[in-house]
Amino acid sequence: MWQRVVEQLGTAVVVIDPAGRIAAVNPAAERLLGRTAAAMHGQDLHDLCHRDPGGARIPREHCPLLRALAEGRSACGDDDSCLRGDGRQIPVSWSATPLTRDGVPQGMAVLISGTADDRGAHRERAERAARTTALEGLAERLTLVADITEVLGQTLELDEALARLSRLLVPRFADWAAVDLRIGSRQVHRVAVTGPEGRDAGQEDWHGHLPAPAGEAARSALVQVLNGGGPVVQDRAGPDDTPPDSPLAAVHDAFLEATGAVSVITVPLGTGRQVSGALTLVRTDPDRPFGTGDLEVASDIGRRVGLVVDNARRYGRQREVAEAMQRNLLPPLPEHGRVRLAAGYQPAPAGSQVGGDWYDAFTLRDGTLALVIGDVVGHDLTAAAGMAQLHGILRSLAWDHTGPTGAVVDRLDDAMHAITTVSMATLVLARLEGPPDTGPWTLHWTSAGHPPPLLLTADGTAQYLEAGQGLLLGTRLGARGRRPSAAHALPPGSTLLLYTDGLIESPGSDLDTGLGRLRRHALALAHEPLDILCDRLPARMPPGSTDDIALLALRLPET
């Protein structure tokens, strides 16, 4: 009965299954679509005839009919077109209703009506739709460039920047993306390959070192770009029987073949002679080839990425120099009888700048032991250089001074602006008095705005030595005030820790929390050998710090 009613309807009815395939059509649908029921049965309705007002294929992910089918709800469209069997495009409107049986989705019934054959109105609608589509595409491309610019500016870590870039390009702009960097003048390294979810991993043969670029006359778009050529767009929809003319071209062609590339853009990273690599973008849908607007956007992205690559490389070289200088300036620790010393230095995590943290320990003219921990304000080569200046000046001022430690720090503050480039710094200067083998021992110290020393005793207590606190270096107290000195007896078997603030500061945590955390972890490691304590203590701190860590530990002998 239902079939007879549908067959007699003057409106075209198409029944599709849950996958969107045509299960049944009535005679009105055969006439409207210009196809027989047998020819349409089992065909995908969307692929077969659903088109936008301009006659172009509608991407499946943008089709309101398929979206309604997937969500099990009704939908309609008033400004689409259908591709008839004779090749003509006809304007249509449609409405769809879900079909269920015992609550289980069975597909949809789609009613299709041909609209008035007013060719002028249809042409106007098509032109308006084309303009709207063009504007939407332009807006999407501009948004993509803005998003890429923002994320590339958030880090100087090259691997992280390229990973963020790939996540934005795929799938918003391309189905696959590959990034190749020039290493020196004769090496190419493929550092990133990203494709549809589930297909960007496990393709290790697409990564790593590639053959060197051939001469400038090579036909390969990748080779041309790496040799300083401009951006290239390629149509690979048809067969290409031309053999590759270089090893690099052969590797790249194999990559494009494996991804099913039908449209490819290759653009340089950088501009002019400053080409640091190439970006290759791939689309695999024949109905969505790259156009002129896409090439312009990709070229702009390539220029921006090239700047990031150059900046990251310069930053990496600066960081390596700073770390090497900083490590070379950290001195070997002296021997002082049965007193044990150990130290540790941990540079800031990758992506952060090198700071001016340092430690020092040396024997004074009168035979006592001096201990220093300090932090120059700043995170760059200037800070590391300033650390070296303070390190040398403080040794000179303290070596033959037998008075209070605060007087030495005051002299350093008075001289700092005249003979160093340091604007501000913090430090603790301490002196251990007493026979090095037998004791008793007394610690004399002054703090210039630095975190307090931590004293761990053999009986399991922990105490911050908070006396002796003064203003940080750079305040130039002059005659208006002098920094205080403090003294505290150290029991046999105790451990003294001097450290920089990178050990106690972490994002989302206040100073008191950091000091409490350090106290707990230091007590847990108090009976470990000093070198193990200095190694394990920073590892127990929460991640996320962007500062260096310097640590100096002293342990007294048991009597």
# chains A, B, ... in the order shown; residues from 1 in each chain; ligands from 1
$ residues_around --residues "A:Thr442" --least-positions-apart "2" --cutoff "9 Å" --atoms "only C-alpha atoms" --output "compact mmCIF listing (two decimals) with all heavy atoms, in the first residue's frame"
# COMPACT_ATOMS: atom_id res chain seq x y z
N ARG A 431 80.78 31.82 55.23
CA ARG A 431 82.13 31.40 55.59
C ARG A 431 82.01 30.37 56.71
O ARG A 431 81.30 30.58 57.71
CB ARG A 431 82.94 32.61 56.06
CG ARG A 431 84.41 32.31 56.28
CD ARG A 431 85.23 33.53 56.60
NE ARG A 431 84.91 34.08 57.91
CZ ARG A 431 84.37 35.28 58.11
NH1 ARG A 431 84.10 36.06 57.07
NH2 ARG A 431 84.11 35.70 59.33
N LEU A 432 82.68 29.23 56.51
CA LEU A 432 82.67 28.16 57.50
C LEU A 432 83.92 28.27 58.37
O LEU A 432 85.04 28.08 57.90
CB LEU A 432 82.63 26.78 56.82
CG LEU A 432 82.63 25.57 57.76
CD1 LEU A 432 81.31 25.49 58.53
CD2 LEU A 432 82.87 24.28 56.98
N GLU A 433 83.72 28.56 59.66
CA GLU A 433 84.84 28.69 60.57
C GLU A 433 84.90 27.48 61.49
O GLU A 433 83.87 26.95 61.91
CB GLU A 433 84.70 29.97 61.41
CG GLU A 433 84.85 31.24 60.57
CD GLU A 433 84.91 32.49 61.44
OE1 GLU A 433 84.67 32.37 62.66
OE2 GLU A 433 85.19 33.57 60.89
N GLY A 434 86.11 27.05 61.80
CA GLY A 434 86.33 25.90 62.66
C GLY A 434 87.28 24.92 62.01
O GLY A 434 87.40 24.89 60.77
N GLY A 439 85.96 20.20 64.07
CA GLY A 439 85.01 21.16 64.56
C GLY A 439 85.47 21.73 65.90
O GLY A 439 86.61 21.50 66.33
N PRO A 440 84.61 22.47 66.61
CA PRO A 440 83.24 22.80 66.21
C PRO A 440 83.22 23.79 65.04
O PRO A 440 84.22 24.46 64.77
CB PRO A 440 82.66 23.41 67.48
CG PRO A 440 83.85 24.01 68.17
CD PRO A 440 84.99 23.10 67.89
N HIS A 444 79.01 31.69 59.19
CA HIS A 444 78.76 33.13 59.12
C HIS A 444 78.29 33.43 57.70
O HIS A 444 78.92 33.00 56.74
CB HIS A 444 80.04 33.92 59.43
CG HIS A 444 80.58 33.68 60.80
ND1 HIS A 444 80.32 34.53 61.86
CD2 HIS A 444 81.37 32.69 61.29
CE1 HIS A 444 80.93 34.07 62.94
NE2 HIS A 444 81.57 32.95 62.62
N ALA A 487 75.24 34.44 62.23
CA ALA A 487 76.09 33.30 62.58
C ALA A 487 75.21 32.20 63.18
O ALA A 487 74.20 32.48 63.85
CB ALA A 487 77.17 33.71 63.56
N HIS A 488 75.58 30.94 62.93
CA HIS A 488 74.82 29.80 63.46
C HIS A 488 75.77 28.61 63.61
O HIS A 488 76.54 28.30 62.70
CB HIS A 488 73.68 29.43 62.51
CG HIS A 488 72.72 28.43 63.07
ND1 HIS A 488 71.61 28.81 63.80
CD2 HIS A 488 72.70 27.07 63.03
CE1 HIS A 488 70.94 27.73 64.16
NE2 HIS A 488 71.59 26.66 63.71
N ALA A 489 75.70 27.94 64.77
CA ALA A 489 76.53 26.75 65.00
C ALA A 489 75.98 25.58 64.19
O ALA A 489 74.76 25.35 64.16
CB ALA A 489 76.55 26.41 66.48
N LEU A 490 76.88 24.85 63.55
CA LEU A 490 76.48 23.70 62.74
C LEU A 490 76.84 22.42 63.48
O LEU A 490 78.03 22.20 63.80
CB LEU A 490 77.17 23.73 61.38
CG LEU A 490 76.94 24.97 60.50
CD1 LEU A 490 77.65 24.79 59.16
CD2 LEU A 490 75.47 25.26 60.32
N PRO A 491 75.89 21.54 63.76
CA PRO A 491 76.20 20.31 64.49
C PRO A 491 76.92 19.30 63.61
O PRO A 491 76.82 19.34 62.38
CB PRO A 491 74.83 19.80 64.91
CG PRO A 491 73.88 20.37 63.91
CD PRO A 491 74.45 21.70 63.52
$ closest_atom_pairs --of "stretch 391-484 of chain A" --to "stretch 505-515 of chain A" --cutoff "12 Å" --atoms "only C-alpha atoms" --output "tab-separated table"
residue	atom	partner	partner_atom	distance
A:Pro451	CA	A:Leu515	CA	9.0
A:Pro452	CA	A:Leu515	CA	9.5
A:Pro453	CA	A:Leu515	CA	10.7
A:Leu454	CA	A:Leu515	CA	9.5
A:Ala462	CA	A:Leu515	CA	11.2
A:Gln463	CA	A:Leu515	CA	10.7
A:Tyr464	CA	A:Leu515	CA	9.0
$ closest_residue --among "A:Ser246, A:Gln346, A:Ser74, A:Thr97" --to "A:Gln224" --atoms "only C-alpha atoms"
A:Ser246
$ atom_distance --atom1 "atom CA of A:His391" --atom2 "atom CA of A:Gly344"
16.7 Å
$ select_by_dssp --residues "stretch 161-316 of chain A" --states "helix (DSSP H, G or I)" --output "VMD selection string"
chain A and resid 161 to 169 204 to 206 221 to 226 247 to 259 292 to 316
$ residues_around --residues "A:Ile90" --least-positions-apart "6" --cutoff "9 Å" --atoms "only C-alpha atoms" --output "PyMOL selection string"
chain A and resi 32-33+53+55+80-84+114-115+117
$ closest_residue --among "A:Met108, A:Cys63, A:Leu364, A:Val179" --to "A:Gly302" --atoms "only C-alpha atoms"
A:Val179
$ residues_around --residues "A:Gly306" --least-positions-apart "3" --cutoff "9 Å" --atoms "only C-alpha atoms" --output "PyMOL selection string"
chain A and resi 268-271+274-278+301-303+309-311
$ write_last_selection --atoms "all heavy atoms" --output "compact mmCIF listing (two decimals), in the first residue's frame"
# COMPACT_ATOMS: atom_id res chain seq x y z
N PRO A 268 59.00 27.72 -0.65
CA PRO A 268 60.23 27.85 0.14
C PRO A 268 59.93 28.34 1.55
O PRO A 268 58.96 29.07 1.78
CB PRO A 268 61.05 28.88 -0.63
CG PRO A 268 60.04 29.68 -1.39
CD PRO A 268 58.90 28.77 -1.70
N LEU A 269 60.76 27.92 2.50
CA LEU A 269 60.73 28.48 3.84
C LEU A 269 61.75 29.61 3.87
O LEU A 269 62.95 29.38 3.80
CB LEU A 269 61.09 27.42 4.88
CG LEU A 269 60.22 26.16 4.89
CD1 LEU A 269 60.64 25.23 6.01
CD2 LEU A 269 58.75 26.52 5.01
N GLY A 270 61.26 30.84 3.96
CA GLY A 270 62.14 32.00 3.88
C GLY A 270 61.91 32.75 2.59
O GLY A 270 60.96 32.49 1.84
N THR A 271 62.79 33.69 2.32
CA THR A 271 62.66 34.52 1.12
C THR A 271 64.02 34.70 0.47
O THR A 271 65.06 34.65 1.12
CB THR A 271 62.10 35.92 1.48
OG1 THR A 271 62.97 36.52 2.44
CG2 THR A 271 60.70 35.82 2.04
N GLN A 274 67.68 33.50 1.41
CA GLN A 274 67.61 32.93 2.75
C GLN A 274 66.56 31.81 2.79
O GLN A 274 65.59 31.87 3.53
CB GLN A 274 67.25 34.02 3.77
CG GLN A 274 68.27 35.14 3.87
CD GLN A 274 69.62 34.64 4.35
OE1 GLN A 274 69.70 33.80 5.23
NE2 GLN A 274 70.68 35.16 3.76
N VAL A 275 66.76 30.79 1.96
CA VAL A 275 65.85 29.65 1.93
C VAL A 275 66.38 28.59 2.87
O VAL A 275 67.44 28.01 2.65
CB VAL A 275 65.70 29.09 0.50
CG1 VAL A 275 64.84 27.83 0.51
CG2 VAL A 275 65.10 30.13 -0.42
N SER A 276 65.64 28.33 3.95
CA SER A 276 66.08 27.37 4.95
C SER A 276 65.43 26.00 4.77
O SER A 276 65.77 25.06 5.49
CB SER A 276 65.78 27.89 6.36
OG SER A 276 64.42 28.25 6.48
N GLY A 277 64.51 25.88 3.81
CA GLY A 277 63.87 24.59 3.60
C GLY A 277 62.67 24.74 2.68
O GLY A 277 62.55 25.72 1.94
N ALA A 278 61.80 23.75 2.72
CA ALA A 278 60.62 23.74 1.85
C ALA A 278 59.44 23.14 2.59
O ALA A 278 59.59 22.25 3.43
CB ALA A 278 60.90 22.94 0.57
N ILE A 301 52.69 31.58 4.34
CA ILE A 301 53.01 30.70 5.47
C ILE A 301 54.48 30.30 5.41
O ILE A 301 55.18 30.28 6.42
CB ILE A 301 52.09 29.46 5.45
CG1 ILE A 301 50.65 29.87 5.74
CG2 ILE A 301 52.57 28.42 6.46
CD1 ILE A 301 49.65 28.75 5.53
N GLY A 302 54.98 29.96 4.21
CA GLY A 302 56.38 29.58 4.07
C GLY A 302 57.33 30.68 4.51
O GLY A 302 58.35 30.42 5.16
N ARG A 303 57.00 31.93 4.16
CA ARG A 303 57.85 33.04 4.60
C ARG A 303 57.88 33.16 6.12
O ARG A 303 58.93 33.37 6.72
CB ARG A 303 57.35 34.35 3.97
CG ARG A 303 57.66 34.49 2.48
CD ARG A 303 57.36 35.88 1.98
NE ARG A 303 55.93 36.17 1.97
CZ ARG A 303 55.13 35.94 0.94
NH1 ARG A 303 55.63 35.40 -0.16
NH2 ARG A 303 53.84 36.23 1.00
N VAL A 309 62.32 29.42 11.63
CA VAL A 309 63.47 28.52 11.53
C VAL A 309 64.78 29.29 11.75
O VAL A 309 65.65 28.87 12.53
CB VAL A 309 63.49 27.82 10.16
CG1 VAL A 309 64.79 27.03 9.98
CG2 VAL A 309 62.29 26.89 10.03
N ASP A 310 64.90 30.44 11.09
CA ASP A 310 66.13 31.23 11.24
C ASP A 310 66.30 31.71 12.68
O ASP A 310 67.40 31.65 13.24
CB ASP A 310 66.11 32.42 10.29
CG ASP A 310 66.21 32.00 8.83
OD1 ASP A 310 66.66 30.86 8.58
OD2 ASP A 310 65.83 32.79 7.95
N ASN A 311 65.21 32.20 13.29
CA ASN A 311 65.30 32.68 14.67
C ASN A 311 65.65 31.54 15.62
O ASN A 311 66.44 31.72 16.56
CB ASN A 311 63.98 33.33 15.09
CG ASN A 311 63.75 34.65 14.40
OD1 ASN A 311 64.69 35.29 13.93
ND2 ASN A 311 62.50 35.08 14.32
$ closest_residue --among "A:Val223, A:Ala38, A:Ala161, A:Ala19" --to "A:Leu307" --atoms "only C-alpha atoms"
A:Ala161
$ residues_around --residues "A:Ser485" --least-positions-apart "3" --cutoff "12 Å" --atoms "only C-alpha atoms" --output "PyMOL selection string"
chain A and resi 403-410+428-431+443-448+465-470+482+488
$ residues_around --residues "A:Leu66" --least-positions-apart "5" --cutoff "8 Å" --atoms "only C-alpha atoms" --output "PyMOL selection string"
chain A and resi 20+46+60-61
$ write_last_selection --atoms "all heavy atoms" --output "compact mmCIF listing (two decimals), in the first residue's frame"
# COMPACT_ATOMS: atom_id res chain seq x y z
N GLY A 20 23.67 6.17 3.15
CA GLY A 20 23.44 7.16 2.11
C GLY A 20 23.25 6.57 0.73
O GLY A 20 23.16 7.31 -0.26
N HIS A 46 24.47 11.30 -2.57
CA HIS A 46 25.24 12.54 -2.52
C HIS A 46 26.24 12.60 -3.68
O HIS A 46 26.32 13.61 -4.40
CB HIS A 46 25.99 12.63 -1.18
CG HIS A 46 26.94 13.79 -1.10
ND1 HIS A 46 26.55 15.05 -0.78
CD2 HIS A 46 28.28 13.85 -1.33
CE1 HIS A 46 27.59 15.86 -0.80
NE2 HIS A 46 28.66 15.15 -1.13
N ARG A 60 31.64 16.20 1.43
CA ARG A 60 30.77 15.36 2.25
C ARG A 60 30.64 15.90 3.67
O ARG A 60 29.56 15.83 4.26
CB ARG A 60 31.31 13.92 2.28
CG ARG A 60 31.32 13.23 0.93
CD ARG A 60 31.74 11.78 1.04
NE ARG A 60 30.76 10.95 1.71
CZ ARG A 60 29.71 10.37 1.11
NH1 ARG A 60 29.52 10.55 -0.20
NH2 ARG A 60 28.89 9.61 1.78
N GLU A 61 31.75 16.45 4.20
CA GLU A 61 31.67 16.95 5.57
C GLU A 61 30.82 18.21 5.70
O GLU A 61 30.46 18.60 6.81
CB GLU A 61 33.08 17.21 6.12
CG GLU A 61 33.87 18.29 5.41
CD GLU A 61 34.69 17.73 4.27
OE1 GLU A 61 34.35 16.63 3.80
OE2 GLU A 61 35.67 18.38 3.85
$ atom_distance --atom1 "atom CA of A:Ala23" --atom2 "atom CA of A:Gly87"
22.4 Å
